[in-house]
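S.K.: Handing you a structure now.
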Amino acid sequence: MSEIKYLTHREAAQARLNGEALMWKGREADYAGVNLSIHSIDTQSGYYRAPRVFTHPGGTCPAPETEAPGRKTMYWVPDFYDDGLVYGFRWDGDDIDKKRLSRGLVYLTREAAIARAELMLAGAAK
């Protein structure tokens, strides 16, 4: 959904110290290749942050946003009245936007919000 942002060796080492899950070539990283030499520490590594996921009894989907997006950024929330299962809004930072964010319903991609809606419906339809 979102483009992979590769970390520098310094960022990868700090993420590891912070207990973050990192990926390398699509699998969990073993951290053997973090190069902390003075010549390589600020160069790009092959490591990137593992995608955050939301776990629900019916499965998993991308995790919702935890920080407010920039003003006028388009975002989507699950919406069960809409045939497309999501509804889009522009972030204004008002009380409604903040409530959606605090309830874990804000997604920056339509596809992620659809995946969440489908997961929520799968848990309800038995």
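Lettering and numbering for the structure tokens are positional, with chains as A, B, ... in the shown order, residues counted from 1 in each chain, and ligands counted from 1 in the shown order.
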Which residues in stretch 29-114 of chain A does DSSP call strand (DSSP E)? List them as a list in words.

M.R.: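 Taking stretch 29-114 of chain A and keeping strand (DSSP E) only, one gets Gln44, Ser45, Gly46, Tyr47, Tyr48, Arg49, Val53, Phe54, Thr55, His56, Gly59, Thr60, Cys61, Pro62, Met74, Tyr75, Trp76, Val77, Pro78, Val86, Tyr87, Gly88, Phe89 and Arg90 of chain A.
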
S.K.: Store the residues picked out above in a file with N, CA and C atoms, as a PDB file, in the first residue's frame.

M.R.:
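For reference, result-v3.pdb as written:
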ATOM      1  N   GLN A  44      22.315   4.009   3.184  1.00  0.00           N
ATOM      2  CA  GLN A  44      21.094   3.201   3.158  1.00  0.00           C
ATOM      3  C   GLN A  44      21.418   1.730   3.383  1.00  0.00           C
ATOM      4  N   SER A  45      20.611   1.108   4.229  1.00  0.00           N
ATOM      5  CA  SER A  45      20.722  -0.323   4.475  1.00  0.00           C
ATOM      6  C   SER A  45      19.603  -1.026   3.715  1.00  0.00           C
ATOM      7  N   GLY A  46      19.532  -2.329   3.831  1.00  0.00           N
ATOM      8  CA  GLY A  46      18.443  -3.089   3.235  1.00  0.00           C
ATOM      9  C   GLY A  46      17.273  -3.283   4.182  1.00  0.00           C
ATOM     10  N   TYR A  47      17.310  -2.637   5.344  1.00  0.00           N
ATOM     11  CA  TYR A  47      16.275  -2.808   6.357  1.00  0.00           C
ATOM     12  C   TYR A  47      15.166  -1.774   6.211  1.00  0.00           C
ATOM     13  N   TYR A  48      13.949  -2.191   6.552  1.00  0.00           N
ATOM     14  CA  TYR A  48      12.808  -1.280   6.593  1.00  0.00           C
ATOM     15  C   TYR A  48      11.879  -1.730   7.711  1.00  0.00           C
ATOM     16  N   ARG A  49      11.058  -0.802   8.177  1.00  0.00           N
ATOM     17  CA  ARG A  49      10.141  -1.108   9.281  1.00  0.00           C
ATOM     18  C   ARG A  49       9.067  -2.086   8.821  1.00  0.00           C
ATOM     19  N   VAL A  53       0.119  -3.895  11.742  1.00  0.00           N
ATOM     20  CA  VAL A  53      -1.129  -4.574  11.427  1.00  0.00           C
ATOM     21  C   VAL A  53      -2.098  -4.472  12.601  1.00  0.00           C
ATOM     22  N   PHE A  54      -3.375  -4.555  12.263  1.00  0.00           N
ATOM     23  CA  PHE A  54      -4.455  -4.577  13.243  1.00  0.00           C
ATOM     24  C   PHE A  54      -4.957  -6.008  13.294  1.00  0.00           C
ATOM     25  N   THR A  55      -4.992  -6.591  14.482  1.00  0.00           N
ATOM     26  CA  THR A  55      -5.448  -7.966  14.631  1.00  0.00           C
ATOM     27  C   THR A  55      -6.863  -7.973  15.181  1.00  0.00           C
ATOM     28  N   HIS A  56      -7.699  -8.754  14.546  1.00  0.00           N
ATOM     29  CA  HIS A  56      -9.115  -8.865  14.872  1.00  0.00           C
ATOM     30  C   HIS A  56      -9.427 -10.358  14.919  1.00  0.00           C
ATOM     31  N   GLY A  59      -9.054 -12.054  11.572  1.00  0.00           N
ATOM     32  CA  GLY A  59      -7.804 -11.991  10.822  1.00  0.00           C
ATOM     33  C   GLY A  59      -7.049 -10.708  11.101  1.00  0.00           C
ATOM     34  N   THR A  60      -6.277 -10.258  10.111  1.00  0.00           N
ATOM     35  CA  THR A  60      -5.501  -9.026  10.265  1.00  0.00           C
ATOM     36  C   THR A  60      -5.708  -8.128   9.049  1.00  0.00           C
ATOM     37  N   CYS A  61      -5.426  -6.857   9.248  1.00  0.00           N
ATOM     38  CA  CYS A  61      -5.467  -5.874   8.175  1.00  0.00           C
ATOM     39  C   CYS A  61      -4.460  -4.788   8.542  1.00  0.00           C
ATOM     40  N   PRO A  62      -4.206  -3.832   7.633  1.00  0.00           N
ATOM     41  CA  PRO A  62      -3.288  -2.746   7.996  1.00  0.00           C
ATOM     42  C   PRO A  62      -3.787  -2.004   9.233  1.00  0.00           C
ATOM     43  N   MET A  74      -6.416  13.694   2.553  1.00  0.00           N
ATOM     44  CA  MET A  74      -7.554  12.802   2.362  1.00  0.00           C
ATOM     45  C   MET A  74      -7.350  11.568   3.224  1.00  0.00           C
ATOM     46  N   TYR A  75      -8.414  11.147   3.908  1.00  0.00           N
ATOM     47  CA  TYR A  75      -8.364   9.904   4.673  1.00  0.00           C
ATOM     48  C   TYR A  75      -9.693   9.187   4.544  1.00  0.00           C
ATOM     49  N   TRP A  76      -9.694   7.891   4.879  1.00  0.00           N
ATOM     50  CA  TRP A  76     -10.882   7.058   4.747  1.00  0.00           C
ATOM     51  C   TRP A  76     -11.188   6.366   6.059  1.00  0.00           C
ATOM     52  N   VAL A  77     -12.476   6.120   6.282  1.00  0.00           N
ATOM     53  CA  VAL A  77     -12.936   5.369   7.451  1.00  0.00           C
ATOM     54  C   VAL A  77     -13.901   4.282   6.972  1.00  0.00           C
ATOM     55  N   PRO A  78     -13.964   3.156   7.689  1.00  0.00           N
ATOM     56  CA  PRO A  78     -14.962   2.138   7.342  1.00  0.00           C
ATOM     57  C   PRO A  78     -16.363   2.740   7.464  1.00  0.00           C
ATOM     58  N   VAL A  86     -16.389   2.257   2.529  1.00  0.00           N
ATOM     59  CA  VAL A  86     -15.589   3.322   3.139  1.00  0.00           C
ATOM     60  C   VAL A  86     -16.128   4.675   2.707  1.00  0.00           C
ATOM     61  N   TYR A  87     -15.781   5.682   3.472  1.00  0.00           N
ATOM     62  CA  TYR A  87     -16.142   7.043   3.121  1.00  0.00           C
ATOM     63  C   TYR A  87     -14.913   7.909   3.324  1.00  0.00           C
ATOM     64  N   GLY A  88     -14.644   8.790   2.383  1.00  0.00           N
ATOM     65  CA  GLY A  88     -13.468   9.647   2.452  1.00  0.00           C
ATOM     66  C   GLY A  88     -13.764  11.019   3.017  1.00  0.00           C
ATOM     67  N   PHE A  89     -12.781  11.561   3.708  1.00  0.00           N
ATOM     68  CA  PHE A  89     -12.864  12.894   4.305  1.00  0.00           C
ATOM     69  C   PHE A  89     -11.538  13.608   4.103  1.00  0.00           C
ATOM     70  N   ARG A  90     -11.543  14.913   4.270  1.00  0.00           N
ATOM     71  CA  ARG A  90     -10.303  15.699   4.311  1.00  0.00           C
ATOM     72  C   ARG A  90     -10.061  16.077   5.768  1.00  0.00           C
TER      73      ARG A  90
END

S.K.: Could you give me, as a ChimeraX atom specification, the residues within 10 Å of A:Ser40, counting only C-alpha atoms and dropping anything in the same chain fewer than 6 positions from it?

M.R.: /A:8-10,34

S.K.: Could those residues be written to a file, using all heavy atoms, as a PDB file, in the first residue's frame?

M.R.:
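What ended up in result_17.pdb:
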ATOM      1  N   THR A   8      18.660   3.983   7.060  1.00  0.00           N
ATOM      2  CA  THR A   8      20.117   3.982   7.087  1.00  0.00           C
ATOM      3  C   THR A   8      20.555   2.956   8.141  1.00  0.00           C
ATOM      4  O   THR A   8      19.742   2.505   8.958  1.00  0.00           O
ATOM      5  CB  THR A   8      20.687   5.370   7.473  1.00  0.00           C
ATOM      6  OG1 THR A   8      20.292   5.662   8.818  1.00  0.00           O
ATOM      7  CG2 THR A   8      20.204   6.459   6.521  1.00  0.00           C
ATOM      8  N   HIS A   9      21.824   2.607   8.119  1.00  0.00           N
ATOM      9  CA  HIS A   9      22.329   1.665   9.124  1.00  0.00           C
ATOM     10  C   HIS A   9      22.120   2.230  10.535  1.00  0.00           C
ATOM     11  O   HIS A   9      21.774   1.495  11.461  1.00  0.00           O
ATOM     12  CB  HIS A   9      23.809   1.358   8.868  1.00  0.00           C
ATOM     13  CG  HIS A   9      24.026   0.537   7.643  1.00  0.00           C
ATOM     14  ND1 HIS A   9      23.872  -0.821   7.623  1.00  0.00           N
ATOM     15  CD2 HIS A   9      24.358   0.893   6.377  1.00  0.00           C
ATOM     16  CE1 HIS A   9      24.120  -1.286   6.410  1.00  0.00           C
ATOM     17  NE2 HIS A   9      24.412  -0.251   5.627  1.00  0.00           N
ATOM     18  N   ARG A  10      22.309   3.541  10.688  1.00  0.00           N
ATOM     19  CA  ARG A  10      22.101   4.184  11.999  1.00  0.00           C
ATOM     20  C   ARG A  10      20.642   4.032  12.441  1.00  0.00           C
ATOM     21  O   ARG A  10      20.345   3.669  13.570  1.00  0.00           O
ATOM     22  CB  ARG A  10      22.474   5.658  11.935  1.00  0.00           C
ATOM     23  CG  ARG A  10      22.275   6.411  13.254  1.00  0.00           C
ATOM     24  CD  ARG A  10      22.454   7.922  13.089  1.00  0.00           C
ATOM     25  NE  ARG A  10      23.689   8.299  12.450  1.00  0.00           N
ATOM     26  CZ  ARG A  10      24.815   8.621  13.097  1.00  0.00           C
ATOM     27  NH1 ARG A  10      24.838   8.588  14.407  1.00  0.00           N
ATOM     28  NH2 ARG A  10      25.889   8.978  12.437  1.00  0.00           N
ATOM     29  N   VAL A  34      23.771  -4.867   9.864  1.00  0.00           N
ATOM     30  CA  VAL A  34      23.803  -3.458  10.258  1.00  0.00           C
ATOM     31  C   VAL A  34      25.261  -3.058  10.389  1.00  0.00           C
ATOM     32  O   VAL A  34      25.998  -3.609  11.191  1.00  0.00           O
ATOM     33  CB  VAL A  34      23.040  -3.219  11.584  1.00  0.00           C
ATOM     34  CG1 VAL A  34      23.176  -1.773  12.019  1.00  0.00           C
ATOM     35  CG2 VAL A  34      21.581  -3.589  11.427  1.00  0.00           C
TER      36      VAL A  34
END

S.K.: Return the single residue from A:Ala122, A:Thr66, A:Gly84, A:Arg71 that is closest to A:Arg103, with distances computed using only C-alpha atoms.

M.R.: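 For A:Arg103, the nearest of the given residues is A:Thr66.
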
S.K.: If we count only C-alpha atoms, what is near A:Arg27 at a cut-off of 12 Å, once residues fewer than 2 positions away on the same chain are taken out, given as JSON, numbers by chain?

M.R.: {"A": [21, 22, 23, 24, 25, 29, 30, 31, 46, 47, 48, 49, 50, 51]}

S.K.: Hey, what's within 12 Å of A:Arg100 if we count only C-alpha atoms and toss same-chain stuff fewer than 2 positions away? As a PDB file with C-alpha atoms, in the first residue's frame, please?

M.R.:
ATOM      1  CA  PRO A  64      -5.017   2.533  11.450  1.00  0.00           C
ATOM      2  CA  GLU A  65      -3.142   5.791  11.770  1.00  0.00           C
ATOM      3  CA  THR A  66      -2.032   6.779  15.253  1.00  0.00           C
ATOM      4  CA  GLU A  67      -0.996  10.360  14.461  1.00  0.00           C
ATOM      5  CA  ALA A  68      -2.996  13.138  12.872  1.00  0.00           C
ATOM      6  CA  TYR A  75      -8.364   9.904   4.673  1.00  0.00           C
ATOM      7  CA  TRP A  76     -10.882   7.058   4.747  1.00  0.00           C
ATOM      8  CA  VAL A  77     -12.936   5.369   7.451  1.00  0.00           C
ATOM      9  CA  PRO A  78     -14.962   2.138   7.342  1.00  0.00           C
ATOM     10  CA  ASP A  79     -18.580   2.951   6.494  1.00  0.00           C
ATOM     11  CA  PHE A  89     -12.864  12.894   4.305  1.00  0.00           C
ATOM     12  CA  TRP A  91      -8.478  16.183   7.602  1.00  0.00           C
ATOM     13  CA  GLY A  93      -8.363  18.597  12.745  1.00  0.00           C
ATOM     14  CA  ASP A  94     -11.857  19.197  14.114  1.00  0.00           C
ATOM     15  CA  ASP A  95     -13.451  17.187  16.922  1.00  0.00           C
ATOM     16  CA  ILE A  96     -14.962  14.627  14.530  1.00  0.00           C
ATOM     17  CA  ASP A  97     -11.586  13.978  12.863  1.00  0.00           C
ATOM     18  CA  LYS A  98      -9.917  13.611  16.257  1.00  0.00           C
ATOM     19  CA  SER A 102      -8.782   8.152  18.708  1.00  0.00           C
ATOM     20  CA  ARG A 103     -11.126   5.272  17.854  1.00  0.00           C
ATOM     21  CA  GLY A 104      -8.659   3.795  15.382  1.00  0.00           C
ATOM     22  CA  LEU A 105     -10.714   4.379  12.247  1.00  0.00           C
ATOM     23  CA  VAL A 106      -8.454   6.670  10.183  1.00  0.00           C
ATOM     24  CA  TYR A 107      -6.683   5.193   7.146  1.00  0.00           C
TER      25      TYR A 107
END

S.K.: Could you pull out the alpha helix (DSSP H) residues of chain A, going by DSSP on the backbone, and write them as a PyMOL selection string?

M.R.: chain A and resi 9-17+95-102+110-124

S.K.: Could you turn the residues from that selection into a file that holds N, CA and C atoms, as a short mmCIF file (atom, residue, chain, number, x, y, z; two decimals), in the first residue's frame?

M.R.:
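Output (part-v6.cif):
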data_model
loop_
_atom_site.label_atom_id
_atom_site.label_comp_id
_atom_site.auth_asym_id
_atom_site.auth_seq_id
_atom_site.Cartn_x
_atom_site.Cartn_y
_atom_site.Cartn_z
N HIS A 9 21.82 2.61 8.12
CA HIS A 9 22.33 1.66 9.12
C HIS A 9 22.12 2.23 10.53
N ARG A 10 22.31 3.54 10.69
CA ARG A 10 22.10 4.18 12.00
C ARG A 10 20.64 4.03 12.44
N GLU A 11 19.70 4.33 11.53
CA GLU A 11 18.27 4.22 11.85
C GLU A 11 17.88 2.78 12.17
N ALA A 12 18.46 1.83 11.43
CA ALA A 12 18.16 0.42 11.68
C ALA A 12 18.66 0.00 13.06
N ALA A 13 19.86 0.44 13.41
CA ALA A 13 20.40 0.09 14.73
C ALA A 13 19.56 0.71 15.84
N GLN A 14 19.14 1.97 15.67
CA GLN A 14 18.31 2.63 16.68
C GLN A 14 16.95 1.96 16.79
N ALA A 15 16.37 1.60 15.66
CA ALA A 15 15.07 0.91 15.68
C ALA A 15 15.19 -0.41 16.42
N ARG A 16 16.27 -1.10 16.18
CA ARG A 16 16.50 -2.39 16.86
C ARG A 16 16.62 -2.17 18.37
N LEU A 17 17.35 -1.14 18.78
CA LEU A 17 17.48 -0.83 20.21
C LEU A 17 16.13 -0.45 20.82
N ASP A 95 -13.14 18.21 15.91
CA ASP A 95 -13.45 17.19 16.92
C ASP A 95 -13.84 15.84 16.30
N ILE A 96 -14.55 15.88 15.18
CA ILE A 96 -14.96 14.63 14.53
C ILE A 96 -13.74 13.89 14.01
N ASP A 97 -12.82 14.61 13.35
CA ASP A 97 -11.59 13.98 12.86
C ASP A 97 -10.81 13.35 14.02
N LYS A 98 -10.68 14.10 15.10
CA LYS A 98 -9.92 13.61 16.26
C LYS A 98 -10.58 12.40 16.90
N LYS A 99 -11.92 12.39 16.93
CA LYS A 99 -12.63 11.24 17.50
C LYS A 99 -12.40 10.00 16.65
N ARG A 100 -12.47 10.14 15.33
CA ARG A 100 -12.21 9.00 14.43
C ARG A 100 -10.79 8.48 14.64
N LEU A 101 -9.84 9.39 14.77
CA LEU A 101 -8.44 8.99 15.00
C LEU A 101 -8.30 8.25 16.32
N SER A 102 -8.90 8.78 17.39
CA SER A 102 -8.78 8.15 18.71
C SER A 102 -9.46 6.78 18.76
N ARG A 110 -7.51 4.13 0.72
CA ARG A 110 -8.85 3.57 0.59
C ARG A 110 -8.81 2.05 0.77
N GLU A 111 -7.78 1.42 0.20
CA GLU A 111 -7.66 -0.03 0.25
C GLU A 111 -7.52 -0.54 1.69
N ALA A 112 -6.76 0.17 2.50
CA ALA A 112 -6.59 -0.23 3.90
C ALA A 112 -7.91 -0.11 4.66
N ALA A 113 -8.66 0.96 4.40
CA ALA A 113 -9.95 1.13 5.07
C ALA A 113 -10.95 0.06 4.63
N ILE A 114 -10.91 -0.32 3.36
CA ILE A 114 -11.78 -1.39 2.87
C ILE A 114 -11.41 -2.71 3.55
N ALA A 115 -10.11 -2.99 3.66
CA ALA A 115 -9.67 -4.22 4.33
C ALA A 115 -10.17 -4.27 5.76
N ARG A 116 -10.13 -3.13 6.45
CA ARG A 116 -10.61 -3.07 7.84
C ARG A 116 -12.12 -3.31 7.89
N ALA A 117 -12.86 -2.67 6.99
CA ALA A 117 -14.32 -2.85 6.96
C ALA A 117 -14.68 -4.30 6.68
N GLU A 118 -14.01 -4.91 5.71
CA GLU A 118 -14.28 -6.31 5.40
C GLU A 118 -13.97 -7.22 6.57
N LEU A 119 -12.89 -6.92 7.28
CA LEU A 119 -12.52 -7.70 8.47
C LEU A 119 -13.57 -7.54 9.56
N MET A 120 -14.05 -6.32 9.75
CA MET A 120 -15.09 -6.09 10.75
C MET A 120 -16.37 -6.82 10.40
N LEU A 121 -16.73 -6.82 9.12
CA LEU A 121 -17.94 -7.52 8.69
C LEU A 121 -17.76 -9.03 8.79
N ALA A 122 -16.58 -9.53 8.52
CA ALA A 122 -16.32 -10.97 8.60
C ALA A 122 -16.51 -11.46 10.03
N GLY A 123 -16.14 -10.64 10.99
CA GLY A 123 -16.30 -11.03 12.39
C GLY A 123 -17.75 -11.01 12.83
N ALA A 124 -18.58 -10.22 12.15
CA ALA A 124 -19.98 -10.09 12.53
C ALA A 124 -20.88 -11.10 11.80
#

S.K.: Enter the distance from atom CA of A:Ile4 to atom CA of A:Asn18, in Å, rounded to one decimal.

M.R.: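 Interatomic distance here is 19.7 Å.
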
S.K.: Between atom CA of A:Arg52 and atom CA of A:Pro69, what is the distance, to one decimal in Å?

M.R.: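 Separation of atom CA of A:Arg52 and atom CA of A:Pro69: 16.6 Å.
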
S.K.: Record the distance separating atom CA of A:Thr73 and atom CA of A:Leu7, expressed in Å with one decimal.

M.R.: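 Atom CA of A:Leu7 lies 25.0 Å from atom CA of A:Thr73.
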